[in-house]
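Have a look at protein.cif below; it lists mmCIF, C-alpha atoms.
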```cif
data_final
loop_
_atom_site.label_atom_id
_atom_site.label_comp_id
_atom_site.auth_asym_id
_atom_site.auth_seq_id
_atom_site.Cartn_x
_atom_site.Cartn_y
_atom_site.Cartn_z
CA MET A 628 7.86 -0.13 34.20
CA SER A 629 10.02 0.62 31.18
CA PRO A 630 12.92 -1.72 30.30
CA PRO A 631 16.30 -0.83 31.82
CA SER A 632 18.09 1.84 29.83
CA ASP A 633 21.40 -0.03 29.84
CA LYS A 634 19.95 -2.67 27.50
CA ARG A 635 19.01 -0.24 24.72
CA GLU A 636 21.78 -0.93 22.27
CA GLY A 637 19.63 -1.90 19.28
CA SER A 638 20.79 -4.21 16.50
CA LEU A 639 23.09 -3.33 13.63
CA GLU A 640 21.97 -6.36 11.62
CA ALA A 641 19.38 -6.17 8.87
CA PRO A 642 15.81 -6.67 10.14
CA THR A 643 14.51 -10.22 9.97
CA ARG A 644 10.79 -10.84 9.51
CA HIS A 645 9.39 -13.98 11.11
CA PRO A 646 6.50 -15.83 9.45
CA LEU A 647 3.05 -15.06 10.80
CA ASP A 648 1.76 -17.92 12.98
CA TRP A 649 -1.83 -17.06 12.13
CA LYS A 650 -3.22 -20.59 12.05
CA SER A 651 -2.42 -21.40 15.67
CA ASP A 652 -5.01 -21.02 18.43
CA ALA A 653 -2.52 -19.07 20.55
CA PHE A 654 -2.37 -16.35 17.90
CA TYR A 655 -5.96 -15.35 18.73
CA ALA A 656 -6.04 -16.09 22.48
CA GLU A 657 -6.73 -12.97 24.53
CA GLU A 658 -4.39 -13.52 27.48
CA PRO A 659 -1.15 -14.09 25.52
CA LEU A 660 -2.14 -11.31 23.13
CA PHE A 661 -2.46 -8.78 25.93
CA GLU A 662 0.77 -10.00 27.51
CA GLU A 663 2.57 -9.26 24.25
CA LEU A 664 0.78 -5.93 23.79
CA GLU A 665 1.90 -4.90 27.27
CA ARG A 666 5.49 -6.02 26.66
CA VAL A 667 5.83 -4.19 23.35
CA TYR A 668 3.92 -1.08 24.44
CA ASP A 669 6.28 -0.77 27.41
CA ILE A 670 9.32 -1.00 25.15
CA CYS A 671 7.83 1.63 22.83
CA HIS A 672 7.10 3.87 25.83
CA GLY A 673 10.74 3.75 26.88
CA CYS A 674 11.99 4.53 23.38
CA ARG A 675 9.49 6.84 21.61
CA ARG A 676 11.46 7.07 18.36
CA CYS A 677 8.25 6.49 16.36
CA PHE A 678 6.34 9.44 17.82
CA ASN A 679 6.03 11.16 14.43
CA LEU A 680 5.11 8.26 12.13
CA CYS A 681 1.38 7.64 12.54
CA ASN A 682 -1.20 8.26 15.23
CA SER A 683 -0.75 4.89 16.96
CA PHE A 684 2.30 6.04 18.85
CA PRO A 685 1.01 9.45 20.03
CA THR A 686 -2.15 7.65 21.13
CA LEU A 687 -0.08 5.20 23.17
CA PHE A 688 2.23 7.82 24.64
CA ASP A 689 -0.63 10.18 25.54
CA ALA A 690 -2.48 7.36 27.29
CA ILE A 691 0.62 6.59 29.36
CA ASP A 692 1.45 10.22 30.13
CA GLU A 693 -2.11 10.93 31.23
CA SER A 694 -2.37 7.83 33.42
CA GLU A 695 -2.05 7.93 37.20
CA SER A 696 1.47 6.47 37.36
CA MET A 697 2.58 7.79 33.97
CA GLU A 698 3.55 4.20 33.22
CA LEU A 699 1.74 1.46 31.34
CA ASP A 700 0.51 -0.27 34.50
CA THR A 701 -2.25 2.30 35.04
CA VAL A 702 -3.38 2.58 31.41
CA PRO A 703 -6.84 1.00 30.92
CA LYS A 704 -6.92 -1.96 28.58
CA THR A 705 -9.51 -0.21 26.41
CA ALA A 706 -6.79 2.26 25.42
CA TYR A 707 -4.75 -0.63 24.02
CA TRP A 708 -7.39 -0.99 21.28
CA ASP A 709 -7.20 2.72 20.43
CA VAL A 710 -3.56 2.14 19.49
CA VAL A 711 -4.53 -0.85 17.33
CA ASP A 712 -7.24 1.14 15.55
CA HIS A 713 -4.78 3.82 14.45
CA CYS A 714 -2.29 1.34 12.97
CA TYR A 715 -2.74 0.86 9.22
CA LEU A 716 0.14 -1.58 8.80
CA CYS A 717 2.42 0.72 6.82
CA ASP A 718 5.45 -1.11 8.29
CA MET A 719 7.49 2.09 8.53
CA CYS A 720 8.15 1.70 12.27
CA TYR A 721 9.56 -1.78 11.65
CA MET A 722 11.64 -0.86 8.62
CA THR A 723 12.99 2.57 9.48
CA LYS A 724 12.72 3.44 13.17
CA CYS A 725 12.64 0.56 15.62
CA PRO A 726 16.05 -0.58 16.95
CA TYR A 727 14.54 -3.66 18.59
CA VAL A 728 13.29 -5.61 15.59
CA PRO A 729 14.60 -9.16 15.21
CA PRO A 730 17.33 -10.37 15.36
CA HIS A 731 17.43 -8.14 18.46
CA GLU A 732 16.61 -10.23 21.53
CA TRP A 733 13.52 -8.12 22.30
CA ASN A 734 12.00 -9.28 19.01
CA VAL A 735 9.66 -6.31 18.49
CA ASP A 736 7.44 -6.47 15.43
CA PHE A 737 4.88 -3.75 16.08
CA PRO A 738 2.95 -4.06 12.77
CA HIS A 739 2.54 -7.81 13.11
CA LEU A 740 1.42 -7.40 16.71
CA MET A 741 -1.21 -4.89 15.55
CA LEU A 742 -2.27 -7.34 12.83
CA ARG A 743 -2.54 -10.10 15.42
CA ALA A 744 -4.77 -7.88 17.56
CA LYS A 745 -6.95 -6.95 14.58
CA ALA A 746 -7.26 -10.63 13.61
CA ALA A 747 -8.16 -11.67 17.15
CA ARG A 748 -10.85 -9.01 17.34
CA PHE A 749 -12.20 -9.89 13.90
CA LYS A 750 -12.44 -13.56 14.84
CA ARG A 751 -14.24 -12.65 18.06
CA GLU A 752 -16.49 -9.80 16.89
CA GLY A 753 -16.45 -9.68 13.09
CA ALA A 754 -16.50 -6.23 11.49
CA SER A 755 -18.94 -3.38 10.96
CA THR A 756 -21.00 -3.15 7.79
CA ARG A 757 -18.93 -0.15 6.70
CA ASP A 758 -15.61 -1.92 7.17
CA LYS A 759 -16.85 -5.01 5.34
CA ILE A 760 -17.96 -2.87 2.39
CA LEU A 761 -14.80 -0.76 2.26
CA SER A 762 -12.60 -3.86 2.28
CA SER A 763 -14.66 -5.75 -0.34
CA THR A 764 -13.08 -4.05 -3.34
CA ASP A 765 -13.98 -6.79 -5.81
CA THR A 766 -17.65 -6.85 -4.87
CA VAL A 767 -18.02 -3.08 -4.71
CA GLY A 768 -16.09 -2.59 -7.94
CA LYS A 769 -18.18 -5.08 -9.90
CA PHE A 770 -21.44 -3.56 -8.66
CA ALA A 771 -20.36 0.07 -9.02
CA GLY A 772 -18.94 -0.69 -12.46
CA ILE A 773 -22.31 -1.60 -13.97
CA PRO A 774 -22.89 1.19 -16.54
CA ILE A 775 -26.05 2.74 -15.06
CA VAL A 776 -24.96 2.06 -11.48
CA ALA A 777 -21.57 3.69 -12.07
CA GLY A 778 -23.23 6.95 -13.02
CA VAL A 779 -25.42 6.89 -9.93
CA VAL A 780 -22.55 5.98 -7.58
CA ASN A 781 -20.31 8.70 -9.01
CA ALA A 782 -23.11 11.26 -8.78
CA VAL A 783 -23.74 10.42 -5.13
CA ASN A 784 -20.02 10.46 -4.32
CA ASN A 785 -19.61 13.87 -5.94
CA SER A 786 -22.61 15.58 -4.36
CA SER A 787 -22.70 17.29 -0.98
CA SER A 788 -26.03 15.72 -0.04
CA GLY A 789 -24.86 12.28 -1.14
CA ARG A 790 -21.70 12.54 0.94
CA LYS A 791 -23.63 13.67 4.01
CA LEU A 792 -25.85 10.63 3.58
CA LEU A 793 -22.82 8.34 3.30
CA GLN A 794 -21.37 9.79 6.47
CA LYS A 795 -24.62 9.36 8.37
CA THR A 796 -25.38 5.84 7.18
CA LEU A 797 -21.95 4.27 6.70
CA GLY A 798 -19.52 6.48 8.59
CA VAL A 799 -17.62 7.52 5.44
CA HIS A 800 -16.39 11.06 6.08
CA GLU A 801 -18.19 13.58 3.90
CA HIS A 802 -14.96 15.36 2.90
CA ALA A 803 -12.75 12.31 2.33
CA PRO A 804 -11.64 11.83 -1.28
CA VAL A 805 -13.38 8.85 -2.86
CA PRO A 806 -12.67 7.56 -6.36
CA ASP A 807 -14.93 7.47 -9.39
CA TYR A 808 -15.90 4.09 -10.83
CA HIS A 809 -15.57 3.26 -14.52
CA SER A 810 -18.04 1.05 -16.33
CA ARG A 811 -15.31 0.15 -18.84
CA PRO A 812 -12.52 -1.22 -16.63
CA ALA A 813 -8.88 -1.62 -17.53
CA ARG A 814 -9.13 -5.37 -18.06
CA LYS A 815 -11.79 -4.77 -20.72
CA ARG A 816 -9.84 -1.92 -22.30
CA LEU A 817 -6.74 -4.11 -22.45
CA LYS A 818 -8.43 -7.30 -23.65
CA ARG A 819 -6.13 -7.27 -26.70
CA LEU A 820 -3.37 -8.37 -24.30
CA HIS A 821 -4.94 -11.79 -23.77
CA GLY A 822 -2.96 -14.32 -25.73
CA VAL A 823 0.15 -12.14 -26.20
CA SER A 824 3.01 -14.58 -26.74
CA GLY A 825 6.02 -12.59 -25.67
CA ASP A 826 8.10 -14.21 -28.42
CA THR A 827 9.89 -10.91 -29.04
CA ALA A 828 11.04 -10.58 -25.42
CA VAL A 829 14.70 -9.83 -24.73
CA ALA A 830 15.74 -11.21 -21.37
CA THR A 831 18.51 -9.69 -19.25
CA GLU A 832 20.32 -10.95 -16.20
CA ALA A 833 17.71 -9.39 -13.89
CA THR A 834 14.50 -9.67 -15.94
CA ARG A 835 12.87 -12.02 -18.41
CA GLY A 836 11.79 -9.11 -20.56
CA ARG A 837 8.08 -9.91 -20.68
CA VAL A 838 5.50 -9.17 -18.01
CA VAL A 839 2.05 -10.14 -16.81
CA LEU A 840 0.09 -7.10 -15.66
CA TYR A 841 -1.74 -7.61 -12.38
CA ALA A 842 -4.23 -4.80 -12.95
CA THR A 843 -5.29 -4.35 -9.26
CA CYS A 844 -8.79 -3.40 -8.11
CA TYR A 845 -8.01 0.30 -8.15
CA GLY A 846 -6.26 0.21 -11.50
CA ASN A 847 -9.03 -1.84 -13.04
CA ARG A 848 -12.14 -0.01 -11.79
CA ASN A 849 -11.03 3.41 -10.53
CA ARG A 850 -7.96 4.49 -12.50
CA PRO A 851 -7.94 2.37 -15.70
CA GLU A 852 -5.84 4.94 -17.54
CA MET A 853 -3.01 4.15 -15.11
CA ASP A 854 -2.92 0.55 -16.35
CA GLU A 855 -3.15 1.73 -19.95
CA ASP A 856 -0.21 4.09 -19.43
CA LEU A 857 1.86 1.30 -17.89
CA VAL A 858 1.21 -0.96 -20.86
CA ALA A 859 2.06 1.84 -23.31
CA VAL A 860 5.38 2.60 -21.61
CA PHE A 861 6.40 -1.04 -21.36
CA GLU A 862 5.48 -1.80 -24.97
CA HIS A 863 7.35 1.33 -26.08
CA ASN A 864 10.39 -0.23 -24.45
CA ASP A 865 9.88 -3.50 -26.34
CA ILE A 866 8.60 -5.37 -23.27
CA PRO A 867 5.67 -7.62 -24.23
CA VAL A 868 2.76 -7.29 -21.80
CA THR A 869 -0.08 -9.74 -21.24
CA ILE A 870 -2.84 -9.88 -18.66
CA ALA A 871 -3.88 -12.84 -16.53
CA GLU A 872 -7.10 -14.60 -17.49
CA LYS A 873 -8.65 -13.87 -14.09
CA GLU A 874 -7.80 -11.75 -11.09
CA ALA A 875 -9.14 -11.07 -7.60
CA CYS A 876 -8.20 -8.48 -5.00
CA CYS A 877 -4.69 -9.02 -3.62
CA GLY A 878 -6.17 -9.19 -0.11
CA MET A 879 -4.53 -6.12 1.42
CA PRO A 880 -7.83 -4.48 2.51
CA LYS A 881 -8.87 -7.69 4.25
CA LEU A 882 -5.44 -8.01 5.84
CA GLU A 883 -5.76 -4.53 7.32
CA LEU A 884 -9.17 -5.52 8.67
CA GLY A 885 -7.73 -8.65 10.29
CA ASP A 886 -9.85 -10.95 8.13
CA LEU A 887 -7.10 -13.45 7.39
CA GLU A 888 -9.43 -16.18 6.13
CA SER A 889 -10.53 -13.85 3.32
CA VAL A 890 -6.88 -13.14 2.54
CA GLN A 891 -6.40 -16.87 2.09
CA LYS A 892 -9.41 -17.10 -0.23
CA ALA A 893 -8.01 -14.33 -2.44
CA LYS A 894 -4.62 -16.02 -2.44
CA GLU A 895 -6.21 -19.28 -3.60
CA ILE A 896 -7.66 -17.46 -6.62
CA ASN A 897 -4.62 -15.41 -7.59
CA ILE A 898 -1.55 -17.46 -6.80
CA PRO A 899 -2.24 -20.49 -9.07
CA VAL A 900 -2.90 -18.18 -12.02
CA LEU A 901 0.18 -16.02 -11.47
CA ALA A 902 2.43 -18.98 -10.67
CA ALA A 903 1.44 -20.60 -13.97
CA TRP A 904 2.60 -17.48 -15.82
CA VAL A 905 5.89 -17.53 -13.94
CA ASP A 906 6.35 -21.16 -14.98
CA LYS A 907 5.88 -20.04 -18.59
CA GLY A 908 8.71 -17.53 -18.25
CA TRP A 909 6.95 -14.26 -17.39
CA ASP A 910 7.62 -11.63 -14.75
CA ILE A 911 4.76 -9.82 -12.95
CA VAL A 912 4.18 -6.09 -12.38
CA THR A 913 1.48 -4.20 -10.52
CA PRO A 914 0.87 -0.42 -10.58
CA ILE A 915 -0.08 -0.15 -6.88
CA PRO A 916 2.67 -0.45 -4.22
CA SER A 917 0.34 -2.03 -1.64
CA CYS A 918 -0.57 -4.83 -4.04
CA THR A 919 3.08 -5.38 -4.93
CA LEU A 920 3.96 -5.54 -1.24
CA MET A 921 1.18 -8.03 -0.62
CA TYR A 922 2.83 -10.52 -2.97
CA LYS A 923 6.40 -9.62 -2.09
CA GLN A 924 6.01 -9.71 1.69
CA GLU A 925 2.64 -10.34 3.33
CA LEU A 926 1.57 -13.52 1.55
CA PRO A 927 5.04 -15.11 1.86
CA LEU A 928 4.95 -14.39 5.62
CA MET A 929 1.49 -15.93 5.90
CA PHE A 930 2.28 -18.94 3.68
CA PRO A 931 6.05 -19.47 3.99
CA ASP A 932 5.86 -23.11 2.94
CA ASP A 933 3.81 -22.61 -0.23
CA PRO A 934 6.21 -22.90 -3.18
CA ASP A 935 3.85 -21.09 -5.55
CA VAL A 936 3.60 -18.11 -3.20
CA LEU A 937 7.39 -17.89 -3.08
CA LYS A 938 7.60 -18.31 -6.84
CA VAL A 939 5.25 -15.37 -7.37
CA ARG A 940 7.14 -13.31 -4.77
CA ASP A 941 10.40 -13.75 -6.66
CA ALA A 942 8.81 -12.77 -9.98
CA MET A 943 6.92 -9.72 -8.65
CA PHE A 944 8.18 -6.22 -9.47
CA ASP A 945 7.25 -2.61 -8.93
CA PRO A 946 6.96 -1.22 -12.50
CA PHE A 947 9.64 1.44 -12.05
CA GLU A 948 11.90 -1.08 -10.38
CA TYR A 949 11.48 -3.19 -13.52
CA LEU A 950 12.19 -0.31 -15.88
CA MET A 951 15.34 0.70 -14.02
CA LEU A 952 16.60 -2.88 -14.04
CA ARG A 953 16.19 -2.76 -17.81
CA HIS A 954 17.98 0.59 -17.92
CA ARG A 955 20.91 -0.81 -15.95
CA GLU A 956 21.46 -3.27 -18.79
CA GLN A 957 20.94 -0.70 -21.58
CA ARG A 958 17.47 -1.94 -22.50
CA LEU A 959 15.47 1.21 -21.67
CA LYS A 960 14.78 3.87 -24.27
CA THR A 961 15.86 7.33 -23.16
CA GLU A 962 14.82 9.39 -26.18
CA PHE A 963 12.18 11.66 -24.68
CA LYS A 964 10.10 14.17 -26.63
CA GLN A 965 8.96 16.38 -23.78
CA SER A 966 10.45 17.60 -20.51
CA LEU A 967 8.33 17.42 -17.37
CA GLY A 968 9.56 20.46 -15.45
CA SER A 969 9.43 20.35 -11.66
CA ILE A 970 7.84 17.38 -9.92
CA THR A 971 7.02 16.86 -6.26
CA TYR A 972 6.89 13.14 -5.62
CA GLN A 973 5.39 11.58 -2.49
CA VAL A 974 6.95 8.17 -1.88
CA PRO A 975 4.28 5.81 -0.50
CA CYS A 976 5.07 3.90 2.67
CA HIS A 977 4.29 0.54 1.05
CA LEU A 978 6.88 1.34 -1.61
CA ARG A 979 9.53 2.52 0.83
CA VAL A 980 9.37 -0.69 2.84
CA GLN A 981 10.14 -2.76 -0.26
CA ASN A 982 13.74 -1.54 0.03
CA ILE A 983 14.25 -1.04 -3.70
CA GLY A 984 15.29 2.62 -3.55
CA LEU A 985 13.63 5.54 -5.29
CA LYS A 986 13.27 3.94 -8.71
CA THR A 987 10.35 6.16 -9.71
CA ARG A 988 12.45 9.27 -9.15
CA GLU A 989 15.42 7.71 -10.97
CA ALA A 990 13.28 6.94 -14.01
CA LEU A 991 11.69 10.39 -14.21
CA GLN A 992 15.06 12.10 -13.79
CA LEU A 993 16.17 10.47 -17.03
CA VAL A 994 13.89 12.97 -18.76
CA PRO A 995 15.86 16.12 -19.73
CA ASP A 996 15.04 19.40 -17.95
CA THR A 997 13.13 17.55 -15.25
CA THR A 998 13.64 17.81 -11.50
CA VAL A 999 12.06 15.52 -8.94
CA GLU A 1000 11.79 16.36 -5.26
CA ALA A 1001 10.99 13.21 -3.31
CA ILE A 1002 9.07 13.52 -0.04
CA GLU A 1003 9.40 10.40 2.09
CA ARG A 1004 6.47 11.03 4.41
CA CYS A 1005 3.18 9.25 4.88
CA SER A 1006 0.06 10.64 3.23
CA GLY A 1007 -2.11 9.23 6.02
CA HIS A 1008 -4.49 7.61 3.54
CA ASP A 1009 -4.00 3.85 3.77
CA GLY A 1010 -6.84 2.88 1.46
CA THR A 1011 -9.64 2.97 4.05
CA TYR A 1012 -8.25 4.80 7.12
CA ALA A 1013 -8.62 8.29 5.64
CA VAL A 1014 -12.21 7.80 4.50
CA LYS A 1015 -13.53 6.70 7.89
CA LYS A 1016 -15.37 9.40 9.80
CA GLU A 1017 -13.45 8.88 13.03
CA PHE A 1018 -9.99 8.91 11.42
CA HIS A 1019 -10.24 11.37 8.52
CA ASP A 1020 -9.15 14.49 10.41
CA VAL A 1021 -6.14 12.64 11.83
CA SER A 1022 -5.22 11.41 8.35
CA LYS A 1023 -5.24 14.96 7.01
CA LYS A 1024 -3.00 16.04 9.88
CA ILE A 1025 -0.52 13.29 8.95
CA ALA A 1026 -0.52 14.55 5.35
CA ARG A 1027 -0.11 18.23 6.31
CA PRO A 1028 3.72 18.37 6.11
CA ILE A 1029 3.57 17.13 2.52
CA VAL A 1030 0.86 19.62 1.61
CA ASN A 1031 2.86 22.48 3.12
CA LYS A 1032 5.96 21.51 1.14
CA ILE A 1033 3.96 21.45 -2.08
CA LYS A 1034 2.50 24.89 -1.35
CA LYS A 1035 6.01 26.30 -0.97
CA ALA A 1036 7.47 24.51 -3.97
CA THR A 1037 4.61 25.20 -6.44
CA PRO A 1038 5.75 22.36 -8.73
CA ASP A 1039 4.47 21.66 -12.22
CA HIS A 1040 3.32 18.19 -11.16
CA VAL A 1041 2.42 16.40 -7.92
CA ILE A 1042 2.58 12.62 -8.07
CA SER A 1043 2.60 9.47 -5.99
CA ASP A 1044 2.87 5.83 -7.00
CA CYS A 1045 -0.26 5.37 -4.87
CA PRO A 1046 -3.17 7.20 -6.54
CA MET A 1047 -5.14 7.23 -3.29
CA ALA A 1048 -2.25 9.01 -1.57
CA SER A 1049 -1.97 11.62 -4.32
CA GLU A 1050 -5.72 12.30 -4.15
CA GLN A 1051 -5.51 12.78 -0.39
CA ILE A 1052 -2.53 15.16 -0.74
CA THR A 1053 -3.88 17.27 -3.58
CA GLN A 1054 -7.51 17.44 -2.42
CA ASP A 1055 -7.18 21.01 -1.17
CA LEU A 1056 -4.60 22.15 -3.72
CA ASP A 1057 -5.12 23.61 -7.18
CA VAL A 1058 -3.26 20.76 -8.85
CA ASP A 1059 -4.15 17.41 -10.40
CA ALA A 1060 -3.38 14.15 -8.60
CA GLY A 1061 -1.00 12.60 -11.09
CA HIS A 1062 0.62 9.20 -11.49
CA PRO A 1063 4.31 8.87 -12.39
CA MET A 1064 3.63 6.32 -15.15
CA SER A 1065 1.32 8.81 -16.84
CA LEU A 1066 4.08 11.42 -16.71
CA LEU A 1067 6.62 9.03 -18.16
CA ARG A 1068 4.26 8.25 -21.03
CA LYS A 1069 3.83 11.98 -21.59
CA ALA A 1070 7.59 12.44 -21.70
CA TYR A 1071 7.89 9.67 -24.31
CA GLY A 1072 5.15 11.34 -26.36
CA ILE A 1073 3.27 8.07 -26.90
#
```
Take the structure from the file and write it as structure tokens.
Amino acid sequence: MSPPSDKREGSLEAPTRHPLDWKSDAFYAEEPLFEELERVYDICHGCRRCFNLCNSFPTLFDAIDESESMELDTVPKTAYWDVVDHCYLCDMCYMTKCPYVPPHEWNVDFPHLMLRAKAARFKREGASTRDKILSSTDTVGKFAGIPIVAGVVNAVNNSSSGRKLLQKTLGVHEHAPVPDYHSRPARKRLKRLHGVSGDTAVATEATRGRVVLYATCYGNRNRPEMDEDLVAVFEHNDIPVTIAEKEACCGMPKLELGDLESVQKAKEINIPVLAAWVDKGWDIVTPIPSCTLMYKQELPLMFPDDPDVLKVRDAMFDPFEYLMLRHREQRLKTEFKQSLGSITYQVPCHLRVQNIGLKTREALQLVPDTTVEAIERCSGHDGTYAVKKEFHDVSKKIARPIVNKIKKATPDHVISDCPMASEQITQDLDVDAGHPMSLLRKAYGI
């Protein structure tokens, strides 16, 4: 039965995120997991405010409405896993919709419960070959980035027969957008940044004025020009940029799979390197919101007692957040050579939940004769969700409201801070999938 309606006041306090107790045996035990799934699902059933966020909630509500009692008690336990499968940990229900998040006494954290379920299943069953490959961005990127291999991989990914084969063998939907791989990655293109001293940096109250670029898997292997554009814009604004001597995946794909041990392995590679740069007086920026969020939120919640993790968290910035902090203290150049016209800007979920405001829009609106319409809706991509055969059609349905708005607006540019989201949105439109940093560089004329 649903909770009594007279207890549904919700909390007016800011949401509080509890650390993830992922190293305890109870975290993975089936009985307490299903007890918590039942408790939270019943609360969600009585509320239903999240019906339009992702497909997890419609899946849950349909299962209840189609059950014999139209309550959770007659929903088969197999349906519980269908809800888990449709959650891609965007955190939007927690941050924007749910009135029962802590410090409310009901202590509902739907994304972390879904993560717990994914982790318990991964520990018990492992993962499919497809899911292991899709989440192994470092391994795939290194292999697909070999010069001859890159050409073959890109040819297969861009051919109808190749995509049909991928769907049949790996379950990667034949129409899902997949990125090209570059044999000359961003870290090689930007090797001049190694050894940059940052002696010319001008610190402000909010920033140290010099940054380490965490290139990200996608920025390094799939969209290297995005990293190059970021460096060009920052250097144009007299912000020295260097690049860490080594870098692994942030761990977000493995987190979404529930493979928390692999997240820890990635953390043990990245955190010591990044923390050392923080100790030397550098800030950190990443061009991908999911990677930024991993260091700002997910790793600190998994390792709340690791001082280096917290040190990196406090030095980690979204690039447009960083630029607008500089602008607030009159350190950003605003002499632009070219207007950008009309821009439709999809705000990624993993950026929205960072609670920094629409800094990308603010920065682009500094450009004269430029308008930016922000759409705060999910693209449905989530890195791997949209490319899986069983979820692709649902992901396109989630993106449809954004696509329809773009069709009506006919803007000059369509952008998203997440390049995967912009590719999903623009796939069926006669427009390029742009990145806001590339547009800002264009406006500067550099």
- prompt: Could you state the separation of atom CA of A:Val780 and atom CA of A:Ala754 in Å, given to one decimal place?
  reply: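 Result for atom CA of A:Val780 versus atom CA of A:Ala754: 23.4 Å, one decimal.
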- prompt: Taking (-1.9, -8.0, -15.1) in the file's coordinates, which residues come within 7 Å, counting all atoms listed in the file, written as JSON, numbers by chain?
  reply: {"A": [839, 840, 841, 842, 869, 870, 871, 912, 913]}
Convert the output of the PyMOL selection byres ((chain A and resi 969) around 10) on the shown file into explicit residues, formatted as a PDB file with C-alpha atoms, keeping the file's coordinate frame.
```
ATOM      1  CA  SER A 966      10.450  17.600 -20.510  1.00  0.00           C
ATOM      2  CA  LEU A 967       8.330  17.420 -17.370  1.00  0.00           C
ATOM      3  CA  GLY A 968       9.560  20.460 -15.450  1.00  0.00           C
ATOM      4  CA  ILE A 970       7.840  17.380  -9.920  1.00  0.00           C
ATOM      5  CA  THR A 971       7.020  16.860  -6.260  1.00  0.00           C
ATOM      6  CA  TYR A 972       6.890  13.140  -5.620  1.00  0.00           C
ATOM      7  CA  ASP A 996      15.040  19.400 -17.950  1.00  0.00           C
ATOM      8  CA  THR A 997      13.130  17.550 -15.250  1.00  0.00           C
ATOM      9  CA  THR A 998      13.640  17.810 -11.500  1.00  0.00           C
ATOM     10  CA  VAL A 999      12.060  15.520  -8.940  1.00  0.00           C
ATOM     11  CA  GLU A1000      11.790  16.360  -5.260  1.00  0.00           C
ATOM     12  CA  ALA A1036       7.470  24.510  -3.970  1.00  0.00           C
ATOM     13  CA  THR A1037       4.610  25.200  -6.440  1.00  0.00           C
ATOM     14  CA  PRO A1038       5.750  22.360  -8.730  1.00  0.00           C
ATOM     15  CA  ASP A1039       4.470  21.660 -12.220  1.00  0.00           C
ATOM     16  CA  HIS A1040       3.320  18.190 -11.160  1.00  0.00           C
ATOM     17  CA  VAL A1041       2.420  16.400  -7.920  1.00  0.00           C
TER      18      VAL A1041
END
```
Spatial neighbours of A:Cys1005, max dist 7 Å, only C-alpha atoms, sep filter under 3 positions, as a PDB file with C-alpha atoms, in the frame of the given file:
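Okay, selection_7.pdb is ready:
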```pdb
ATOM      1  CA  PRO A 975       4.280   5.810  -0.500  1.00  0.00           C
ATOM      2  CA  CYS A 976       5.070   3.900   2.670  1.00  0.00           C
ATOM      3  CA  ILE A1025      -0.520  13.290   8.950  1.00  0.00           C
ATOM      4  CA  ALA A1026      -0.520  14.550   5.350  1.00  0.00           C
TER       5      ALA A1026
END
```
message: My list of candidates is A:Met929, A:Leu985, A:Leu716, A:Val1030. Which is closest to A:Pro880 when distances are computed with all atoms listed in the file?
response: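 Smallest separation from A:Pro880 among the options: A:Leu716.
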query: Quick one: of A:Lys960, A:Arg676, A:Arg644, A:Lys1032, who's nearest to A:Thr723, counting all atoms listed in the file?
result: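 With all atoms listed in the file as the atom set, the closest residue is A:Arg676.
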On this structure, which residues satisfy the PyMOL selection byres ((chain A and resi 696-706) around 9), written as an mmCIF file with C-alpha atoms, in the coordinates of the input?
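As written to disk, part_12.cif reads:
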```cif
data_model
loop_
_atom_site.group_PDB
_atom_site.id
_atom_site.type_symbol
_atom_site.label_atom_id
_atom_site.label_comp_id
_atom_site.auth_asym_id
_atom_site.auth_seq_id
_atom_site.Cartn_x
_atom_site.Cartn_y
_atom_site.Cartn_z
ATOM 1 C CA MET A 628 7.860 -0.130 34.200
ATOM 2 C CA SER A 629 10.020 0.620 31.180
ATOM 3 C CA PHE A 661 -2.460 -8.780 25.930
ATOM 4 C CA GLU A 665 1.900 -4.900 27.270
ATOM 5 C CA TYR A 668 3.920 -1.080 24.440
ATOM 6 C CA ASP A 669 6.280 -0.770 27.410
ATOM 7 C CA HIS A 672 7.100 3.870 25.830
ATOM 8 C CA THR A 686 -2.150 7.650 21.130
ATOM 9 C CA LEU A 687 -0.080 5.200 23.170
ATOM 10 C CA ALA A 690 -2.480 7.360 27.290
ATOM 11 C CA ILE A 691 0.620 6.590 29.360
ATOM 12 C CA ASP A 692 1.450 10.220 30.130
ATOM 13 C CA GLU A 693 -2.110 10.930 31.230
ATOM 14 C CA SER A 694 -2.370 7.830 33.420
ATOM 15 C CA GLU A 695 -2.050 7.930 37.200
ATOM 16 C CA TYR A 707 -4.750 -0.630 24.020
ATOM 17 C CA TRP A 708 -7.390 -0.990 21.280
ATOM 18 C CA ASP A 709 -7.200 2.720 20.430
ATOM 19 C CA VAL A 710 -3.560 2.140 19.490
ATOM 20 C CA VAL A 711 -4.530 -0.850 17.330
#
```
- prompt: When the PyMOL selection byres ((chain A and resi 940) around 10) is applied to the file above, which residues end up in the set, as a ChimeraX atom specification?
  reply: /A:898,902,911,919-927,934-939,941-944
May I have the residues at most 8 Å from (11.1, -9.4, -16.6) in the file's coordinates, counting all atoms listed in the file, as a short mmCIF file (atom, residue, chain, number, x, y, z; two decimals) with C-alpha atoms, in the coordinates of the input?
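That gives us out.cif:
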```cif
data_model
loop_
_atom_site.label_atom_id
_atom_site.label_comp_id
_atom_site.auth_asym_id
_atom_site.auth_seq_id
_atom_site.Cartn_x
_atom_site.Cartn_y
_atom_site.Cartn_z
CA ALA A 830 15.74 -11.21 -21.37
CA THR A 831 18.51 -9.69 -19.25
CA ALA A 833 17.71 -9.39 -13.89
CA THR A 834 14.50 -9.67 -15.94
CA ARG A 835 12.87 -12.02 -18.41
CA GLY A 836 11.79 -9.11 -20.56
CA ARG A 837 8.08 -9.91 -20.68
CA VAL A 838 5.50 -9.17 -18.01
CA TRP A 909 6.95 -14.26 -17.39
CA ASP A 910 7.62 -11.63 -14.75
CA ILE A 911 4.76 -9.82 -12.95
CA ALA A 942 8.81 -12.77 -9.98
CA TYR A 949 11.48 -3.19 -13.52
#
```
